[in-house]
Amino acid sequence: MVIKKRFLLRDGVGGLAPYKIEDHPCAIKLDANESPFSIDWTKWPDVLDGLRKIDLNRYPDPSAGKIRSVLSDYMRWPVEKIVLGNGSDELIQYILMAFGGFNRPVYAPHPGFAMYRIISIAMGQEFRSITLEDGFELPSNKEFLEELSDVRQKIVFIASPNNPTGNCFDRERILSVIKHTNGLVCIDEAYHDFDEGIGFLDILPEFKNLVILRTLSKIGMAGLRVGILLANDYVISAISKVRLPYNLNAISQFLALAVLNHKDIILDMNQTIKKNRVWLAEKMQRIKGIKIFPSQANFILFTSEFCVEAIYKELLSEGVLIKVFPPDGKWPGFLRVTVGTEDECKIFIHMLEKVLYGLEKLLSGKVKENA
Ligand code: PMP
């Protein structure tokens with residue numbers, strides 16, 4: 001019998017695990033920072049009609065020109081300086097393809113969005129965590145800034161609002177990172193629609209080493225996979241060299257355009273999410289046994305005096321799926337709940353109170369037993 005040779009993996013890939021998406025049957029899904037509002041297409045017969053007319057035998061518009069043009073008006077940024085990706089995940093990969101390489105470390109905050117690290121390692125890049133200060137703030141000390149400015153070219157990813165912590169970083173500290181970094185700085189504004197700040201688009205013309213990422217995923221279109229990259233000519237031209245042709249499929253292009261042409265619907269949904277976030281935070285604040293962190297995103301991070309994994313499992317058994325982050329280094333365990341509809345938020349609060357009450361009873365029973 002011939003034993004087939006196993007091929008060697010690229011450095012780093014062997015140590016990675018496939019990205020785990022929780023797929024539990026659950027009544028309420030609040031784990032992935034998606035919008036809870038789904039568009040009722042039956043109310044848009046012209047869109048359904050248009051869908052039928054798409055020539056699926058043809059490749060889509062390679063530059064996704066129509067959506068880029070609507071986005072350009074929407075964001076007031078030149079259309080030729082916008083590149084779209086199959087989700088911003090793909091754009092993160094393109095940034096690394098175009099600007100990464102040997103001895104060019106990638107930096108991103110910890111706690112932070114996992115894909116910066118995963119994509120870096122998958123591509124054989126050195127990855128370095130930026131340990132956030134207490135209060136989840138970016139460091140601003142001399143050593144950190146000197147490290148960013150040393151001779152090695154680097155790529156720094158900063159999501160603001162940050163996932164999973166939910167806070168926007170101090171603007172001056174971000175500016176300091178942009179000014180000191182010898183290399184590219186990518187400000188990921190995936191959750192910008194829910195924050196109260198102005199974002200960083202206003203300073204983009206000034207900084208040739210700055211890239212801004214946005215996405216349609218958090219404003220009701222996660223299923224379409226449309227990520228947005230905004231930058232100056234040099235970066236755009238580099239990204240265009242590595243972008244795959246036809247990376248945005250015809251259905252996504254068509255439907256994203258249909259939704260984007262109804263800006264009022266998106267703005268309404270975002271307002272409701274912000275309103276629900278305030279309600280959710282107020283309720284959570286009053287619950288004994290947990291501590292929540294202020295959020296400017298469409299989710300809320302919290303920690304607990306009880307084991308976070310136990311809370312996660314108990315909630316799941318009640319049909320509520322959220323996201324758990326086990327303790328890691330200097331950080332305790334965290335839980336992250338996406339802001340849902342009003343009803344979903346109410347059910348979540350009810351279930352969380354029930355689960356914490358159960359855990360407290362269990363624990364006090366055990367204390368008595370041991371006494
Ligand atoms: N950036 C951040 C900070 C995120 O949290 C996410 C998704 N969770 C993404 C990017 C990826 O978004 P997309 O769906 O556009 O790939």
# chains A, B, ... in the order shown; residues from 1 in each chain; ligands from 1
>>> residues_near_ligand(ligand="ligand 1", cutoff="9 Å", atoms="only C-alpha atoms and all ligand atoms", output="PyMOL selection string")
chain A and resi 32-34+85-92+112-116+158-164+188-191+213-218+221-228
>>> residues_around(residues="Phe334 (chain A)", least_positions_apart="2", cutoff="8 Å", atoms="only C-alpha atoms", output="VMD selection string")
chain A and resid 301 to 304 308 324 to 327 332 336
>>> select_by_dssp(residues="region 102-272 of chain A", states="alpha helix (DSSP H)", output="ChimeraX atom specification")
/A:114-122,142-149,171-180,233-242,250-260,263-272
>>> atom_distance(atom1="CA of Pro205 (chain A)", atom2="CA of Ala231 (chain A)")
8.1 Å
>>> atom_distance(atom1="CA of Asn103 (chain A)", atom2="CA of Gly329 (chain A)")
25.8 Å
>>> residues_around(residues="Phe306 (chain A)", least_positions_apart="3", cutoff="12 Å", atoms="only C-alpha atoms", output="ChimeraX atom specification")
/A:288-291,302-303,309-312,314,332-335,355-363
>>> atom_distance(atom1="CA of Thr181 (chain A)", atom2="CA of Ser149 (chain A)")
4.9 Å
